[in-house]
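Q: Okay, here's the structure, questions in a sec.
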Amino acid sequence: RTIKEQLGDGIRAFMLDVAQPSIEATIWERLQIFFHNLFTHDKARDGRVHLCHGSCDLLDKGPLTDTLVVVREFLDSNPSEVITFIIENVSNFAAKDLQPSFVQSGIEKYAFIPKPTFAANSTNHAGYQWPTLGQLVSEGQRLVVFIDSNAQPDVVPYILPEWEYVVEIPYANIHPISEFPCNQDRPRDGLPRDLLVLNHFGYNRLTIAGNNIDTPLTPEQIRTSQYNSLGSLQAHLNTCATTWGESRVFNFITLDYYDVGGQAVFDIVDMLNRVGK
C-alpha cells in the first residue's frame, strides 16, 4: 500500500530505508565520484536520496523528498497527529545529506528536537523525559525521526541517533517461526533505553556456501502462517512480558504487510494504549 493509504489506515510509524540509486553519469563523472569517495569520509552525492530496500537496483520507491511531501501534507491536514520515522541508513549517508529532503519537502518545521536534559553523546539515555503526545502536538513538533547510523545531532538536531534512545528485539526471525523472541538485540550493550520496538518480522533464509541470504516473507506466507493475526501478536507480547516485565510497554510494533492481518495490529495497539474502539 502507498504511504498515503497507510496514513489513511492509521499507521503512524514508518521504517524507511534510504539509499543512493545507481548513478547515471559519464565515465569522467564516475571517476570523480570514485576518487572523492576514496580520499574523503563522506560519499559524493548527486543530490539523490531514494527509498530502497537493500538495493535500489532491486526495489526503488523513488526520492525520499516525494514521500516526505506526502507525510507533510498529511500533517498539514491533521493537526493532532504525530508521526515517527525509523530510518535504516543503507548507503551510510551523513545526516546532513538527508537534511535537504526535509527542507525541500517542507516537513522540517514539524520535526521534534529533544531538550538538552542529558549529556551529549551519552550511551545511556534511559530516564530521558519524553514529552507526551499532547505536548508534541501543542508544541508543533509532530514528527520524530531516528536514524540507525551517522546521526549528526550538532548539525541536524532533529535526526536522532536511534541507538541512544531505542532498543529493538530481534528482527531476523527465520520462517517457520514457532515463537517470536524478545531478547535485546540492538544495541547489544545491555544498557536500557526508554523506547522499545517490537519487531514482528519473518524471513526466508537461503544458505549458499556458508553465506545466509534472508528475504522478507511474502504476503501469502504471512497469511498462511497467521503471523500477523491477533493470536500471534498477543502471544509475542505475552512472551515479552516475561522478558521485560509486565509494566514495560512497547512503543512501536513493526511488521510487514499489516493489512494481511486485518485489524489485528490496530487492536493490539489499542490494547497497549488502553483505548476502546
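In the C-alpha cells, each chain is lettered A, B, ... as it comes, each chain's residues begin at 1, and ligands are numbered from 1 in order of appearance.
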Any idea what's packed within 7 Å of range 91-102 of chain A, counting only C-alpha atoms, ignoring anything in its chain fewer than 2 positions away? Could you give it as an mmCIF file with C-alpha atoms, in the first residue's frame?
A:
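In the end it all went to out-v9.cif:
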data_model
loop_
_atom_site.group_PDB
_atom_site.id
_atom_site.type_symbol
_atom_site.label_atom_id
_atom_site.label_comp_id
_atom_site.auth_asym_id
_atom_site.auth_seq_id
_atom_site.Cartn_x
_atom_site.Cartn_y
_atom_site.Cartn_z
ATOM 1 C CA VAL A 18 17.400 5.307 2.471
ATOM 2 C CA ALA A 19 19.938 4.620 -0.265
ATOM 3 C CA GLN A 20 21.593 6.272 -3.225
ATOM 4 C CA LEU A 64 12.823 10.464 -0.160
ATOM 5 C CA THR A 65 11.579 14.004 -0.768
ATOM 6 C CA LEU A 68 8.185 13.409 2.870
ATOM 7 C CA ASN A 89 20.784 4.144 6.535
ATOM 8 C CA GLN A 104 12.601 20.824 0.313
ATOM 9 C CA SER A 105 9.531 18.839 1.344
ATOM 10 C CA GLY A 106 8.563 21.453 3.934
ATOM 11 C CA ILE A 107 8.352 18.844 6.694
ATOM 12 C CA GLU A 108 11.330 20.114 8.683
ATOM 13 C CA SER A 149 23.843 5.342 11.822
ATOM 14 C CA ASN A 150 25.689 8.579 11.081
ATOM 15 C CA ALA A 151 23.464 10.920 13.061
ATOM 16 C CA GLN A 152 24.932 14.398 13.448
ATOM 17 C CA VAL A 155 24.418 19.602 12.604
ATOM 18 C CA VAL A 156 20.887 18.212 12.190
ATOM 19 C CA ILE A 159 17.612 13.389 13.105
#
Q: Run DSSP on the backbone and grab whatever in range 126-226 of chain A lands in strand (DSSP E or B); send it over as number ranges by chain.
A: A: 143-147, 159-161, 166-168, 174, 186, 195-199, 203-208, 211-216
Q: Considering only C-alpha atoms, can you say which of A:Ile86, A:Val166, A:Leu237, A:Val49 comes closest to Met271 in chain A?
A: A:Leu237
Q: Env of Gly8 in chain A: 12 Å cut, atoms = only C-alpha atoms, seq-sep filter 6 positions within chain, self excluded. Answer as number ranges by chain.
A: A: 1-2, 70-71, 74-75, 77-78, 81
Q: How about saving the chosen residues, all heavy atoms kept, as an mmCIF file, in the first residue's frame?
A:
data_model
loop_
_atom_site.group_PDB
_atom_site.id
_atom_site.type_symbol
_atom_site.label_atom_id
_atom_site.label_comp_id
_atom_site.auth_asym_id
_atom_site.auth_seq_id
_atom_site.Cartn_x
_atom_site.Cartn_y
_atom_site.Cartn_z
ATOM 1 N N ARG A 1 0.841 -1.191 0.000
ATOM 2 C CA ARG A 1 0.000 0.000 0.000
ATOM 3 C C ARG A 1 0.880 1.246 0.000
ATOM 4 O O ARG A 1 1.988 1.234 0.539
ATOM 5 C CB ARG A 1 -0.930 -0.010 1.216
ATOM 6 C CG ARG A 1 -1.914 -1.178 1.189
ATOM 7 C CD ARG A 1 -2.784 -1.239 2.424
ATOM 8 N NE ARG A 1 -3.686 -0.099 2.535
ATOM 9 C CZ ARG A 1 -4.788 0.069 1.816
ATOM 10 N NH1 ARG A 1 -5.133 -0.830 0.911
ATOM 11 N NH2 ARG A 1 -5.559 1.131 1.985
ATOM 12 N N THR A 2 0.370 2.320 -0.561
ATOM 13 C CA THR A 2 1.139 3.559 -0.625
ATOM 14 C C THR A 2 1.225 4.192 0.758
ATOM 15 O O THR A 2 0.460 3.855 1.673
ATOM 16 C CB THR A 2 0.485 4.556 -1.592
ATOM 17 O OG1 THR A 2 -0.781 4.976 -1.037
ATOM 18 C CG2 THR A 2 0.270 3.939 -2.962
ATOM 19 N N VAL A 70 4.317 13.779 0.968
ATOM 20 C CA VAL A 70 3.047 13.115 1.289
ATOM 21 C C VAL A 70 2.773 13.178 2.791
ATOM 22 O O VAL A 70 1.656 13.488 3.226
ATOM 23 C CB VAL A 70 3.074 11.645 0.809
ATOM 24 C CG1 VAL A 70 1.826 10.899 1.295
ATOM 25 C CG2 VAL A 70 3.167 11.579 -0.706
ATOM 26 N N VAL A 71 3.798 12.905 3.590
ATOM 27 C CA VAL A 71 3.621 12.927 5.046
ATOM 28 C C VAL A 71 3.390 14.355 5.535
ATOM 29 O O VAL A 71 2.564 14.595 6.413
ATOM 30 C CB VAL A 71 4.837 12.297 5.750
ATOM 31 C CG1 VAL A 71 4.667 12.352 7.261
ATOM 32 C CG2 VAL A 71 5.024 10.848 5.300
ATOM 33 N N PHE A 74 -0.105 15.324 4.983
ATOM 34 C CA PHE A 74 -0.959 14.684 5.986
ATOM 35 C C PHE A 74 -0.902 15.448 7.310
ATOM 36 O O PHE A 74 -1.940 15.706 7.941
ATOM 37 C CB PHE A 74 -0.518 13.234 6.199
ATOM 38 C CG PHE A 74 -1.256 12.532 7.308
ATOM 39 C CD1 PHE A 74 -2.496 11.957 7.076
ATOM 40 C CD2 PHE A 74 -0.719 12.454 8.580
ATOM 41 C CE1 PHE A 74 -3.190 11.311 8.099
ATOM 42 C CE2 PHE A 74 -1.396 11.810 9.609
ATOM 43 C CZ PHE A 74 -2.637 11.246 9.366
ATOM 44 N N LEU A 75 0.302 15.827 7.725
ATOM 45 C CA LEU A 75 0.442 16.584 8.972
ATOM 46 C C LEU A 75 -0.225 17.951 8.857
ATOM 47 O O LEU A 75 -0.820 18.442 9.821
ATOM 48 C CB LEU A 75 1.926 16.729 9.330
ATOM 49 C CG LEU A 75 2.630 15.445 9.769
ATOM 50 C CD1 LEU A 75 4.131 15.677 9.912
ATOM 51 C CD2 LEU A 75 2.060 14.926 11.089
ATOM 52 N N SER A 77 -2.882 18.610 7.202
ATOM 53 C CA SER A 77 -4.335 18.421 7.223
ATOM 54 C C SER A 77 -4.840 17.783 8.506
ATOM 55 O O SER A 77 -6.053 17.772 8.751
ATOM 56 C CB SER A 77 -4.765 17.541 6.034
ATOM 57 O OG SER A 77 -4.383 18.127 4.807
ATOM 58 N N ASN A 78 -3.920 17.259 9.325
ATOM 59 C CA ASN A 78 -4.313 16.559 10.552
ATOM 60 C C ASN A 78 -3.488 17.085 11.716
ATOM 61 O O ASN A 78 -2.498 16.460 12.128
ATOM 62 C CB ASN A 78 -4.117 15.049 10.384
ATOM 63 C CG ASN A 78 -4.991 14.460 9.291
ATOM 64 O OD1 ASN A 78 -6.134 14.078 9.521
ATOM 65 N ND2 ASN A 78 -4.450 14.400 8.075
ATOM 66 N N GLU A 81 -2.110 14.814 14.794
ATOM 67 C CA GLU A 81 -1.426 13.542 14.561
ATOM 68 C C GLU A 81 0.088 13.683 14.717
ATOM 69 O O GLU A 81 0.663 14.721 14.395
ATOM 70 C CB GLU A 81 -1.746 13.008 13.165
ATOM 71 C CG GLU A 81 -3.221 12.701 12.939
ATOM 72 C CD GLU A 81 -3.694 11.495 13.751
ATOM 73 O OE1 GLU A 81 -2.849 10.781 14.332
ATOM 74 O OE2 GLU A 81 -4.920 11.267 13.793
#
Q: Give me the residues near Leu196 in chain A as a list in words, where near means some atom within 12 Å (using only C-alpha atoms) and where sequence neighbours in that chain fewer than 3 positions away do not count.
A: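 In the requested format, the answer is Ala126, Glu162, Trp163, Glu164, Tyr165, Val166, Val167, Glu168, Ile169, Pro170, Cys182, Asn183, Gln184, Asp185, Arg186, Pro187, Pro192, Arg193, Asn199, Cys240, Trp244, Arg248, Val249, Phe250, Asn251, Phe252, Ile253 and Thr254 of chain A.
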Q: What's the separation between CA of Ala172 in chain A and CA of His200 in chain A, in Å to one decimal place?
A: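 Distance reported for this atom pair: 9.1 Å.
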Q: Using only C-alpha atoms, which protein or nucleic acid residues come within 10 Å of Ala235 in chain A? Drop anything in the same chain fewer than 6 positions from it, and give the result as a CSV table (one decimal) with N, CA, C and O atoms, in the first residue's frame.
A:
chain,number,residue,atom,x,y,z
A,179,GLU,N,8.1,-19.5,17.8
A,179,GLU,CA,7.9,-18.4,18.9
A,179,GLU,C,8.8,-17.2,18.6
A,179,GLU,O,10.0,-17.4,18.4
A,180,PHE,N,8.2,-16.1,18.5
A,180,PHE,CA,9.0,-14.9,18.3
A,180,PHE,C,9.8,-14.5,19.5
A,180,PHE,O,9.3,-14.5,20.6
A,229,SER,N,-1.7,-12.3,12.8
A,229,SER,CA,-3.0,-12.5,13.4
A,229,SER,C,-3.0,-11.9,14.9
A,229,SER,O,-1.9,-11.7,15.5
A,241,ALA,N,6.5,-10.1,27.9
A,241,ALA,CA,6.2,-9.7,29.3
A,241,ALA,C,7.1,-10.4,30.3
A,241,ALA,O,7.4,-9.8,31.4
Q: Range 127-139 of chain A: which residues within 10 Å, counting only C-alpha atoms, same-chain residues fewer than 6 positions away excluded, as a PDB file with N, CA, C and O atoms, in the first residue's frame?
A:
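Final output, saved to selection_11.pdb:
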ATOM      1  N   PRO A  79      -3.881  18.228  12.276  1.00  0.00           N
ATOM      2  CA  PRO A  79      -3.048  18.921  13.256  1.00  0.00           C
ATOM      3  C   PRO A  79      -2.904  18.229  14.605  1.00  0.00           C
ATOM      4  O   PRO A  79      -2.151  18.712  15.450  1.00  0.00           O
ATOM      5  N   SER A  80      -3.574  17.101  14.808  1.00  0.00           N
ATOM      6  CA  SER A  80      -3.449  16.391  16.090  1.00  0.00           C
ATOM      7  C   SER A  80      -2.694  15.076  15.956  1.00  0.00           C
ATOM      8  O   SER A  80      -2.634  14.296  16.909  1.00  0.00           O
ATOM      9  N   GLU A  81      -2.110  14.814  14.794  1.00  0.00           N
ATOM     10  CA  GLU A  81      -1.426  13.542  14.561  1.00  0.00           C
ATOM     11  C   GLU A  81       0.088  13.683  14.717  1.00  0.00           C
ATOM     12  O   GLU A  81       0.663  14.721  14.395  1.00  0.00           O
ATOM     13  N   VAL A  82       0.718  12.608  15.214  1.00  0.00           N
ATOM     14  CA  VAL A  82       2.172  12.545  15.401  1.00  0.00           C
ATOM     15  C   VAL A  82       2.704  11.360  14.597  1.00  0.00           C
ATOM     16  O   VAL A  82       2.146  10.262  14.661  1.00  0.00           O
ATOM     17  N   TYR A 110       8.052  20.523  11.303  1.00  0.00           N
ATOM     18  CA  TYR A 110       7.349  19.688  12.271  1.00  0.00           C
ATOM     19  C   TYR A 110       8.283  18.835  13.125  1.00  0.00           C
ATOM     20  O   TYR A 110       7.829  18.138  14.038  1.00  0.00           O
ATOM     21  N   ALA A 111       9.579  18.846  12.829  1.00  0.00           N
ATOM     22  CA  ALA A 111      10.495  17.891  13.438  1.00  0.00           C
ATOM     23  C   ALA A 111      10.735  18.186  14.923  1.00  0.00           C
ATOM     24  O   ALA A 111      10.944  19.330  15.332  1.00  0.00           O
ATOM     25  N   PHE A 112      10.732  17.119  15.695  1.00  0.00           N
ATOM     26  CA  PHE A 112      10.963  17.193  17.140  1.00  0.00           C
ATOM     27  C   PHE A 112      12.457  17.284  17.435  1.00  0.00           C
ATOM     28  O   PHE A 112      13.267  16.549  16.876  1.00  0.00           O
ATOM     29  N   PRO A 114      14.913  17.163  20.827  1.00  0.00           N
ATOM     30  CA  PRO A 114      14.913  16.932  22.287  1.00  0.00           C
ATOM     31  C   PRO A 114      15.515  18.106  23.036  1.00  0.00           C
ATOM     32  O   PRO A 114      16.426  18.780  22.547  1.00  0.00           O
ATOM     33  N   LYS A 115      14.987  18.324  24.199  1.00  0.00           N
ATOM     34  CA  LYS A 115      15.576  19.344  25.067  1.00  0.00           C
ATOM     35  C   LYS A 115      16.873  18.797  25.661  1.00  0.00           C
ATOM     36  O   LYS A 115      16.976  17.605  25.962  1.00  0.00           O
ATOM     37  N   PRO A 116      17.870  19.645  25.855  1.00  0.00           N
ATOM     38  CA  PRO A 116      19.183  19.177  26.326  1.00  0.00           C
ATOM     39  C   PRO A 116      19.183  18.877  27.823  1.00  0.00           C
ATOM     40  O   PRO A 116      19.808  19.583  28.622  1.00  0.00           O
ATOM     41  N   THR A 117      18.516  17.789  28.186  1.00  0.00           N
ATOM     42  CA  THR A 117      18.439  17.423  29.610  1.00  0.00           C
ATOM     43  C   THR A 117      19.373  16.275  29.964  1.00  0.00           C
ATOM     44  O   THR A 117      19.266  15.684  31.007  1.00  0.00           O
ATOM     45  N   PHE A 118      20.299  15.955  29.041  1.00  0.00           N
ATOM     46  CA  PHE A 118      21.258  14.887  29.290  1.00  0.00           C
ATOM     47  C   PHE A 118      22.556  15.258  28.583  1.00  0.00           C
ATOM     48  O   PHE A 118      22.598  16.142  27.745  1.00  0.00           O
ATOM     49  N   TYR A 165      18.479   6.061  22.084  1.00  0.00           N
ATOM     50  CA  TYR A 165      17.136   6.200  22.651  1.00  0.00           C
ATOM     51  C   TYR A 165      16.307   4.923  22.579  1.00  0.00           C
ATOM     52  O   TYR A 165      15.336   4.772  23.325  1.00  0.00           O
ATOM     53  N   PRO A 192      19.897  -0.043  29.250  1.00  0.00           N
ATOM     54  CA  PRO A 192      18.482   0.242  28.996  1.00  0.00           C
ATOM     55  C   PRO A 192      18.313   1.489  28.128  1.00  0.00           C
ATOM     56  O   PRO A 192      19.178   2.352  28.065  1.00  0.00           O
ATOM     57  N   ARG A 193      17.216   1.542  27.430  1.00  0.00           N
ATOM     58  CA  ARG A 193      16.810   2.735  26.689  1.00  0.00           C
ATOM     59  C   ARG A 193      15.341   2.973  26.989  1.00  0.00           C
ATOM     60  O   ARG A 193      14.632   2.077  27.465  1.00  0.00           O
ATOM     61  N   ASP A 194      14.865   4.160  26.705  1.00  0.00           N
ATOM     62  CA  ASP A 194      13.482   4.497  27.040  1.00  0.00           C
ATOM     63  C   ASP A 194      12.465   3.882  26.090  1.00  0.00           C
ATOM     64  O   ASP A 194      11.367   3.534  26.488  1.00  0.00           O
ATOM     65  N   LEU A 195      12.819   3.782  24.803  1.00  0.00           N
ATOM     66  CA  LEU A 195      11.854   3.361  23.795  1.00  0.00           C
ATOM     67  C   LEU A 195      12.140   1.930  23.348  1.00  0.00           C
ATOM     68  O   LEU A 195      13.298   1.540  23.179  1.00  0.00           O
TER      69      LEU A 195
END
Q: Would you please extract all helix (DSSP H, G or I) residues from range 44-93 of chain A, as assigned by DSSP on the backbone, and give them as a VMD selection string?
A: chain A and resid 64 to 77
Q: When you look at Asp256 in chain A with a cut-off of 12 Å (counting only C-alpha atoms), what residues show up, excluding the ones that are within fewer than 4 positions of it in the same chain? I need them as a PyMOL selection string.
A: chain A and resi 1+14-15+171+199-203+215-223+227-228+260-261+265
Q: Dump N, CA and C atoms for the selected residues as a CSV table (one decimal), in the first residue's frame?
A:
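Resulting contents of part-v8.csv:
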chain,number,residue,atom,x,y,z
A,1,ARG,N,0.8,-1.2,0.0
A,1,ARG,CA,0.0,0.0,0.0
A,1,ARG,C,0.9,1.2,0.0
A,14,PHE,N,6.9,4.6,10.6
A,14,PHE,CA,7.4,4.1,9.4
A,14,PHE,C,8.9,3.8,9.5
A,15,MET,N,9.3,2.6,9.1
A,15,MET,CA,10.7,2.2,8.9
A,15,MET,C,11.0,2.5,7.4
A,171,TYR,N,14.9,-9.0,14.7
A,171,TYR,CA,14.1,-8.8,13.6
A,171,TYR,C,14.2,-9.9,12.5
A,199,ASN,N,9.8,-6.0,17.1
A,199,ASN,CA,10.0,-6.4,15.7
A,199,ASN,C,9.2,-7.7,15.5
A,200,HIS,N,8.2,-7.8,14.6
A,200,HIS,CA,7.4,-9.0,14.4
A,200,HIS,C,7.5,-9.4,12.9
A,201,PHE,N,8.8,-9.5,12.5
A,201,PHE,CA,9.1,-9.8,11.1
A,201,PHE,C,9.4,-11.3,10.9
A,202,GLY,N,9.2,-11.8,9.7
A,202,GLY,CA,9.7,-13.2,9.4
A,202,GLY,C,10.4,-13.1,8.1
A,203,TYR,N,11.4,-14.0,8.0
A,203,TYR,CA,12.3,-14.0,6.8
A,203,TYR,C,12.4,-15.5,6.3
A,215,THR,N,15.4,-13.1,2.9
A,215,THR,CA,14.4,-12.2,2.2
A,215,THR,C,13.1,-12.2,2.9
A,216,PRO,N,12.4,-11.1,2.9
A,216,PRO,CA,11.1,-11.0,3.7
A,216,PRO,C,10.1,-12.0,3.2
A,217,LEU,N,9.3,-12.4,4.0
A,217,LEU,CA,8.2,-13.3,3.7
A,217,LEU,C,7.2,-12.6,2.7
A,218,THR,N,6.6,-13.4,1.9
A,218,THR,CA,5.5,-12.9,1.0
A,218,THR,C,4.2,-12.7,1.8
A,219,PRO,N,3.3,-11.9,1.3
A,219,PRO,CA,2.0,-11.8,2.0
A,219,PRO,C,1.3,-13.1,2.1
A,220,GLU,N,1.4,-14.0,1.1
A,220,GLU,CA,0.8,-15.3,1.2
A,220,GLU,C,1.4,-16.1,2.3
A,221,GLN,N,2.7,-16.1,2.5
A,221,GLN,CA,3.3,-16.8,3.6
A,221,GLN,C,2.8,-16.3,5.0
A,222,ILE,N,2.8,-15.0,5.1
A,222,ILE,CA,2.3,-14.4,6.3
A,222,ILE,C,0.9,-14.8,6.6
A,223,ARG,N,0.0,-14.8,5.6
A,223,ARG,CA,-1.4,-15.1,5.7
A,223,ARG,C,-1.5,-16.6,6.1
A,227,TYR,N,1.0,-15.1,10.9
A,227,TYR,CA,1.9,-14.3,11.7
A,227,TYR,C,1.4,-13.0,12.2
A,228,ASN,N,0.5,-12.4,11.3
A,228,ASN,CA,0.0,-11.1,11.7
A,228,ASN,C,-1.4,-11.1,12.3
A,260,VAL,N,-2.5,-7.7,6.0
A,260,VAL,CA,-2.8,-9.1,5.8
A,260,VAL,C,-3.5,-9.6,7.1
A,261,GLY,N,-3.2,-9.1,8.2
A,261,GLY,CA,-3.8,-9.5,9.5
A,261,GLY,C,-5.1,-8.8,9.8
A,265,VAL,N,-3.3,-5.7,14.1
A,265,VAL,CA,-2.3,-4.8,14.7
A,265,VAL,C,-2.9,-3.6,15.3
Q: Mind giving me the straight-line distance from CA of Pro181 in chain A to CA of Ile11 in chain A in Å, one decimal?
A: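 About the pair CA of Pro181 in chain A and CA of Ile11 in chain A: they are 23.7 Å apart.
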Q: Using only C-alpha atoms, which of A:Val69, A:Ala209, A:Cys56, A:Ile177 sits nearest Ser232 in chain A?
A: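 Smallest distance to Ser232 in chain A is found for A:Ile177.
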Q: Could you jot down the CA of Arg48 in chain A to CA of Lys61 in chain A separation for me, Å, one decimal place?
A: 12.4 Å
